[in-house]
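Scroll down for the structure; my scribbles are underneath it.
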Amino acid sequence: MQLVYQCEGGPELSAELGPNRPRVVFGRNPDVDVRLDDRAVSRRHCEFVWADGDVTVADLGSSGGTYVNGQRAERAAIRLGDVVHIGKTEIKLGRERNADPLPSRRRSRQLEAAEATIAPDAAAGGAPPGAWAVIYEAATGGEARYFLTEGGASAVVGRLPTVEIHANNPTVGRNHCRLSVQGGVLLVEDLDSSNGTFVNGKRTMREKLSDGDVLACGLFELKVVAPKAEPAEAWDDGWDDDWIDEDDMAPPSWLVFYPDDDGRQHAVTMSLESRLLAVGRAKDCDIRSRRAGVEEDHAELIWDEGVLIVKDLQSEGGTLVNGERIEDEHVLRNRDLISFGNFHVRIVRGSTSSKPPKTRSNEAGTWQRLLQRVEPTLSITYSVGDERDPRWADSGRQELTLWGDGEARLEIINRHERTGEDLRTDMSVLDLLCDALIRAGFPDAPKLRPREDDFPIELVLYQDGSEAIVALSERALRRSAAYREASDILNTMMLAAQTR
């Protein structure tokens, strides 16, 4: 019997499985039976076992999972015609056949009772201004609500206890779907779940939600409640409230920032094209560090349809997220700090926008051309706070400057002193930052009436005699995902300079 396998774009190969070779392990480690050059495959991913003519496949605790005929499986019997997928590799015993069974569906009595008793205005009671709400039956019993806002973190619905909306239901995937507010709209995105995500009984991969919609993950249901309408704030210079295209509402990428052994900051993007990164001391690790406490194969970072997960590979020293040791897997949030011994990695959630705004000024077009080719003469200065303003006297002003040659400096200024820290960045950091500024339409920016409590943020770019200055606020960042991404990158570099 032959196991026929093919990695995406590669040749079709085979491995023997039978009485003379009853076990075959697939993975990326050099010591497995079938070594795959597939970054989405774990080091020891799955094992095929032959016994008296019967074949089974068992997942070996992989990050990306083992799928049989499109359904994730820990262990499954394999017959002729079945197709197994691991990462981007397909394995089969014979011809492909399709199987996509779906569970029977019923409505939760708890949810029906909630719908009957909750008035539309009352459903938003206690919610943050402009928040969407989802109502569901909590794992401990009773009604629960989760609020989502523009600019806030997304929420994952799943069976893992670490996700935001925990469903103690076997028909729900570990990371089943993701909810997020983009452009004032609540979106649901299926995270390649086995049993599917349904809106009002119709299966979907990605959909805008409306007030009163019923969202179902397997047999777990959630009721959608829209926010109360609020007066819209005016935009200037041709900006449009609907500047985010539907085509741009794809699962977000994640940006991973880390220092090399010489202290220079690097960046890598995790997305559909790069779903798995190995972290450790081993030569074949994607993110390699020899700092104290980092083990040979320490951990993996996994991008799963817009959700970023860190998985500890049973390291002795453990993996910490924001100072807390994790058990096995942990769903990450924007600007989390991951520690592997004395090696620290910071992450930033990328925006889903892939294009500049539809309407932009001539100056924005000029800066797009300048930022597409990073020259050593480029300088980007990002200032937060104001040491002259009594409201910010305690924190003063932090000013980070990055130059096109990779040098950087952070200065902290208050009324009494001025201190500084030097930093070096790889071109990968500057490329990501410039790309975010292009997508933001720099120097065009949302014009909002300032509030007294707005924290002052200023962004100044200079190159080849051209200078542009943009004043931002937290409210403006909530209106522009690309500006928020650029701000998060710069804040991450500030923190890296302070913790070298």
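Please note that chains go A, B, ... in the order of the structure tokens, that every chain numbers its residues from 1, and that ligands are numbered from 1 in the order shown.
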Region 267-328 of chain A: residues DSSP assigns to strand (DSSP E), reported as number ranges by chain = A: 267-270, 276-280, 287-288, 299-304, 307-312, 320-321, 324-325
Output for the residues just chosen: C-alpha atoms as a CSV table (one decimal), in the first residue's frame:
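Output saved as out01.csv:
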```csv
chain,number,residue,atom,x,y,z
A,267,ALA,CA,9.9,42.1,11.6
A,268,VAL,CA,8.0,39.3,9.8
A,269,THR,CA,4.4,39.2,8.6
A,270,MET,CA,2.1,36.2,9.3
A,276,LEU,CA,3.6,29.0,10.9
A,277,LEU,CA,6.9,30.2,12.5
A,278,ALA,CA,9.1,28.1,14.6
A,279,VAL,CA,10.9,29.8,17.5
A,280,GLY,CA,14.1,28.4,19.2
A,287,ILE,CA,12.9,33.0,14.5
A,288,ARG,CA,16.3,32.0,16.0
A,299,ALA,CA,7.5,27.3,20.5
A,300,GLU,CA,5.5,27.9,17.4
A,301,LEU,CA,3.5,30.9,16.2
A,302,ILE,CA,0.4,29.9,14.2
A,303,TRP,CA,-1.7,32.2,12.0
A,304,ASP,CA,-5.2,30.6,11.7
A,307,VAL,CA,-6.2,34.5,14.7
A,308,LEU,CA,-2.6,34.4,16.0
A,309,ILE,CA,-1.8,31.6,18.4
A,310,VAL,CA,1.4,30.8,20.3
A,311,LYS,CA,2.0,27.2,21.1
A,312,ASP,CA,4.6,26.1,23.7
A,320,LEU,CA,5.1,33.7,28.8
A,321,VAL,CA,2.5,36.1,27.5
A,324,GLU,CA,2.0,34.9,32.6
A,325,ARG,CA,3.1,31.4,31.7
```
query = Can you list, as a list of chain:residue names, every protein, DNA or RNA residue that comes within 6 Å of region 11-19 of chain A when you count only C-alpha atoms, leaving out same-chain residues fewer than 6 positions away?
reply =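 The residues that qualify are A:Met1, A:Gln2, A:Leu3, A:Val4, A:Tyr5, A:Trp50.
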Selected residues written out with all heavy atoms, as a PDB file, in the first residue's frame:
```
ATOM      1  N   MET A   1       0.856  -1.193   0.000  1.00  0.00           N
ATOM      2  CA  MET A   1       0.000   0.000   0.000  1.00  0.00           C
ATOM      3  C   MET A   1       0.892   1.244   0.000  1.00  0.00           C
ATOM      4  O   MET A   1       1.937   1.276   0.648  1.00  0.00           O
ATOM      5  CB  MET A   1      -0.896  -0.002   1.245  1.00  0.00           C
ATOM      6  CG  MET A   1      -1.895   1.134   1.293  1.00  0.00           C
ATOM      7  SD  MET A   1      -2.987   0.985   2.723  1.00  0.00           S
ATOM      8  CE  MET A   1      -3.938  -0.460   2.259  1.00  0.00           C
ATOM      9  N   GLN A   2       0.517   2.250  -0.751  1.00  0.00           N
ATOM     10  CA  GLN A   2       1.306   3.466  -0.875  1.00  0.00           C
ATOM     11  C   GLN A   2       0.547   4.672  -0.312  1.00  0.00           C
ATOM     12  O   GLN A   2      -0.664   4.792  -0.509  1.00  0.00           O
ATOM     13  CB  GLN A   2       1.660   3.733  -2.341  1.00  0.00           C
ATOM     14  CG  GLN A   2       2.536   2.677  -2.989  1.00  0.00           C
ATOM     15  CD  GLN A   2       3.946   2.701  -2.451  1.00  0.00           C
ATOM     16  OE1 GLN A   2       4.551   3.751  -2.322  1.00  0.00           O
ATOM     17  NE2 GLN A   2       4.478   1.520  -2.130  1.00  0.00           N
ATOM     18  N   LEU A   3       1.292   5.526   0.396  1.00  0.00           N
ATOM     19  CA  LEU A   3       0.773   6.836   0.783  1.00  0.00           C
ATOM     20  C   LEU A   3       1.263   7.823  -0.272  1.00  0.00           C
ATOM     21  O   LEU A   3       2.467   8.096  -0.370  1.00  0.00           O
ATOM     22  CB  LEU A   3       1.287   7.243   2.161  1.00  0.00           C
ATOM     23  CG  LEU A   3       0.770   6.432   3.348  1.00  0.00           C
ATOM     24  CD1 LEU A   3       1.550   6.799   4.609  1.00  0.00           C
ATOM     25  CD2 LEU A   3      -0.720   6.669   3.566  1.00  0.00           C
ATOM     26  N   VAL A   4       0.358   8.325  -1.087  1.00  0.00           N
ATOM     27  CA  VAL A   4       0.715   9.260  -2.149  1.00  0.00           C
ATOM     28  C   VAL A   4       0.532  10.676  -1.614  1.00  0.00           C
ATOM     29  O   VAL A   4      -0.554  11.031  -1.133  1.00  0.00           O
ATOM     30  CB  VAL A   4      -0.173   9.038  -3.399  1.00  0.00           C
ATOM     31  CG1 VAL A   4       0.224  10.014  -4.501  1.00  0.00           C
ATOM     32  CG2 VAL A   4      -0.056   7.601  -3.871  1.00  0.00           C
ATOM     33  N   TYR A   5       1.592  11.490  -1.673  1.00  0.00           N
ATOM     34  CA  TYR A   5       1.517  12.834  -1.095  1.00  0.00           C
ATOM     35  C   TYR A   5       2.104  13.857  -2.048  1.00  0.00           C
ATOM     36  O   TYR A   5       2.981  13.565  -2.867  1.00  0.00           O
ATOM     37  CB  TYR A   5       2.232  12.887   0.257  1.00  0.00           C
ATOM     38  CG  TYR A   5       3.708  12.575   0.230  1.00  0.00           C
ATOM     39  CD1 TYR A   5       4.661  13.593   0.152  1.00  0.00           C
ATOM     40  CD2 TYR A   5       4.159  11.251   0.290  1.00  0.00           C
ATOM     41  CE1 TYR A   5       6.016  13.306   0.134  1.00  0.00           C
ATOM     42  CE2 TYR A   5       5.512  10.961   0.273  1.00  0.00           C
ATOM     43  CZ  TYR A   5       6.438  11.983   0.196  1.00  0.00           C
ATOM     44  OH  TYR A   5       7.785  11.714   0.167  1.00  0.00           O
ATOM     45  N   TRP A  50      -0.640   1.107   9.940  1.00  0.00           N
ATOM     46  CA  TRP A  50      -1.259  -0.031   9.252  1.00  0.00           C
ATOM     47  C   TRP A  50      -1.385  -1.174  10.239  1.00  0.00           C
ATOM     48  O   TRP A  50      -0.425  -1.509  10.951  1.00  0.00           O
ATOM     49  CB  TRP A  50      -0.387  -0.444   8.071  1.00  0.00           C
ATOM     50  CG  TRP A  50      -0.925  -1.595   7.268  1.00  0.00           C
ATOM     51  CD1 TRP A  50      -1.698  -1.516   6.167  1.00  0.00           C
ATOM     52  CD2 TRP A  50      -0.717  -2.985   7.509  1.00  0.00           C
ATOM     53  NE1 TRP A  50      -2.004  -2.756   5.693  1.00  0.00           N
ATOM     54  CE2 TRP A  50      -1.407  -3.700   6.510  1.00  0.00           C
ATOM     55  CE3 TRP A  50      -0.025  -3.706   8.494  1.00  0.00           C
ATOM     56  CZ2 TRP A  50      -1.423  -5.081   6.444  1.00  0.00           C
ATOM     57  CZ3 TRP A  50      -0.046  -5.085   8.440  1.00  0.00           C
ATOM     58  CH2 TRP A  50      -0.728  -5.764   7.418  1.00  0.00           C
TER      59      TRP A  50
END
```
key: Arg79 (chain A) environment, 9 Å, only C-alpha atoms, sequence neighbours closer than 4 positions dropped, as a list of chain:residue names   = A:Asp54, A:Val55, A:Thr56, A:Val83, A:Lys92, A:Leu93, A:Gly94
Take the residues from that selection and put them in a file with C-alpha atoms, as a PDB file, in the first residue's frame.
```pdb
ATOM      1  CA  ASP A  54      -6.715  -1.251   8.205  1.00  0.00           C
ATOM      2  CA  VAL A  55      -5.164   2.237   8.152  1.00  0.00           C
ATOM      3  CA  THR A  56      -5.580   5.010  10.705  1.00  0.00           C
ATOM      4  CA  VAL A  83      -7.951  12.581   1.412  1.00  0.00           C
ATOM      5  CA  LYS A  92      -4.259   9.954  -0.068  1.00  0.00           C
ATOM      6  CA  LEU A  93      -4.575   6.210  -0.458  1.00  0.00           C
ATOM      7  CA  GLY A  94      -6.545   6.447  -3.671  1.00  0.00           C
TER       8      GLY A  94
END
```
query = Pick the closest to Val181 (chain A) from A:Leu36, A:Asp31, A:Leu402, A:Ala481: which is it, counting only C-alpha atoms?
reply =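 Nearest candidate to Val181 (chain A) out of A:Leu36, A:Asp31, A:Leu402, A:Ala481: A:Ala481.
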Nearby residues (only C-alpha atoms) at most 7 Å from Gly87 (chain A), same-chain spacing under 5 positions excluded, as an MDAnalysis selection string = chainID A and resid 38 40:41 64
Atoms kept (N, CA and C atoms) for selection, written as a JSON list (two decimals), in the first residue's frame:
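Saved as out_35.json:
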```json
[["chain", "number", "residue", "atom", "x", "y", "z"],
["A", 38, "ASP", "N", 7.35, 22.10, 4.07],
["A", 38, "ASP", "CA", 6.07, 22.81, 4.14],
["A", 38, "ASP", "C", 6.02, 23.52, 5.48],
["A", 40, "ALA", "N", 3.83, 25.16, 6.90],
["A", 40, "ALA", "CA", 2.56, 25.05, 7.63],
["A", 40, "ALA", "C", 2.42, 23.71, 8.33],
["A", 41, "VAL", "N", 3.42, 22.83, 8.17],
["A", 41, "VAL", "CA", 3.42, 21.52, 8.80],
["A", 41, "VAL", "C", 4.29, 21.56, 10.05],
["A", 64, "GLY", "N", -1.32, 23.13, 13.22],
["A", 64, "GLY", "CA", -2.31, 23.42, 12.19],
["A", 64, "GLY", "C", -3.40, 22.38, 12.07]]
```
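For the set A:Arg264, A:Val384, A:Glu296, A:Leu400, the residue with the smallest atom-to-atom gap to Thr425 (chain A) is A:Arg264, counting only C-alpha atoms.
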query = Interatomic distance between CA of Glu411 (chain A) and CA of Arg424 (chain A)?
reply = 14.4 Å
request  = List every residue of region 129-366 of chain A that DSSP, applied to the backbone of this structure, places in helix (DSSP H, G or I), and write the result as a list of chain:residue names.
outcome  = A:Glu246, A:Asp247, A:Asp248, A:Asn362, A:Glu363, A:Ala364, A:Gly365, A:Thr366
Spatial neighbours of Gly184 (chain A), 10 Å, only C-alpha atoms, chain gap at least 4 places, as a list in words = Gly130, Ala131, Trp132, Thr149, Glu150, Gly151, Ser180, Pro227, Asp241, Asp242 and Arg479 of chain A
task = Just the residues within 10 Å of region 162-175 of chain A, please, counting only C-alpha atoms, with nothing from its chain fewer than 4 positions along; format it as a ChimeraX atom specification.
result = /A:72,102-103,134,136-140,144-146,153-158,179,190-197,216-221,304-305,307,309,326,329-332
Restricting the output to C-alpha atoms, write the selected residues as a PDB file, in the first residue's frame.
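Wrote out.pdb, looks like this:
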```pdb
ATOM      1  CA  ARG A  72     -10.235  18.165  11.503  1.00  0.00           C
ATOM      2  CA  LEU A 102     -23.087  18.858   8.835  1.00  0.00           C
ATOM      3  CA  PRO A 103     -24.709  18.386  12.220  1.00  0.00           C
ATOM      4  CA  VAL A 134     -23.774  39.384  21.103  1.00  0.00           C
ATOM      5  CA  TYR A 136     -25.418  33.813  24.202  1.00  0.00           C
ATOM      6  CA  GLU A 137     -25.744  31.065  26.783  1.00  0.00           C
ATOM      7  CA  ALA A 138     -22.671  31.071  29.025  1.00  0.00           C
ATOM      8  CA  ALA A 139     -20.706  27.865  29.660  1.00  0.00           C
ATOM      9  CA  THR A 140     -21.712  28.121  33.344  1.00  0.00           C
ATOM     10  CA  ALA A 144     -23.970  36.327  28.829  1.00  0.00           C
ATOM     11  CA  ARG A 145     -23.136  39.306  26.630  1.00  0.00           C
ATOM     12  CA  TYR A 146     -19.973  40.367  24.858  1.00  0.00           C
ATOM     13  CA  ALA A 153      -9.977  43.940  19.904  1.00  0.00           C
ATOM     14  CA  SER A 154     -11.723  41.259  17.899  1.00  0.00           C
ATOM     15  CA  ALA A 155     -13.366  38.310  19.672  1.00  0.00           C
ATOM     16  CA  VAL A 156     -12.930  34.648  18.866  1.00  0.00           C
ATOM     17  CA  VAL A 157     -15.768  32.198  19.470  1.00  0.00           C
ATOM     18  CA  GLY A 158     -14.549  28.700  20.210  1.00  0.00           C
ATOM     19  CA  LEU A 179     -16.110  38.775  15.359  1.00  0.00           C
ATOM     20  CA  ASP A 190     -15.325  31.544   9.854  1.00  0.00           C
ATOM     21  CA  LEU A 191     -11.922  30.194  10.943  1.00  0.00           C
ATOM     22  CA  ASP A 192     -11.998  27.040   8.827  1.00  0.00           C
ATOM     23  CA  SER A 193     -14.328  25.329  11.292  1.00  0.00           C
ATOM     24  CA  SER A 194     -15.477  21.750  10.657  1.00  0.00           C
ATOM     25  CA  ASN A 195     -19.183  22.310  11.368  1.00  0.00           C
ATOM     26  CA  GLY A 196     -19.412  25.727   9.775  1.00  0.00           C
ATOM     27  CA  THR A 197     -20.625  29.183  10.746  1.00  0.00           C
ATOM     28  CA  ALA A 216     -24.687  29.751  14.921  1.00  0.00           C
ATOM     29  CA  CYS A 217     -21.426  27.860  15.462  1.00  0.00           C
ATOM     30  CA  GLY A 218     -22.394  24.204  15.373  1.00  0.00           C
ATOM     31  CA  LEU A 219     -25.256  24.059  17.901  1.00  0.00           C
ATOM     32  CA  PHE A 220     -24.042  27.140  19.811  1.00  0.00           C
ATOM     33  CA  GLU A 221     -26.070  30.263  19.004  1.00  0.00           C
ATOM     34  CA  ASP A 304      -5.175  30.554  11.740  1.00  0.00           C
ATOM     35  CA  GLU A 305      -7.495  32.561   9.444  1.00  0.00           C
ATOM     36  CA  VAL A 307      -6.226  34.501  14.672  1.00  0.00           C
ATOM     37  CA  ILE A 309      -1.791  31.563  18.403  1.00  0.00           C
ATOM     38  CA  ILE A 326       0.819  29.682  29.249  1.00  0.00           C
ATOM     39  CA  GLU A 329      -1.749  27.103  23.252  1.00  0.00           C
ATOM     40  CA  HIS A 330      -2.759  30.730  23.795  1.00  0.00           C
ATOM     41  CA  VAL A 331      -4.720  33.105  21.539  1.00  0.00           C
ATOM     42  CA  LEU A 332      -2.803  36.369  21.235  1.00  0.00           C
TER      43      LEU A 332
END
```
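Nearest to Pro129 (chain A) of all the residues A:Asp213, A:Gly441, A:Ala226, A:Val57 is A:Ala226, counting only C-alpha atoms.
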message = Quick one: residues within 10 Å of Thr419 (chain A), only C-alpha atoms, excluding same-chain residues fewer than 4 positions away - as a list in words?
response =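 Using only C-alpha atoms, the neighbours found are Gln398, Leu410, Glu411, Ile412, Ile413 and Asn414 of chain A.
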query = Smallest atom-to-atom distance to Trp403 (chain A): which of A:Leu209, A:Leu461, A:Ala133, A:Val256, using only C-alpha atoms?
reply = A:Leu461
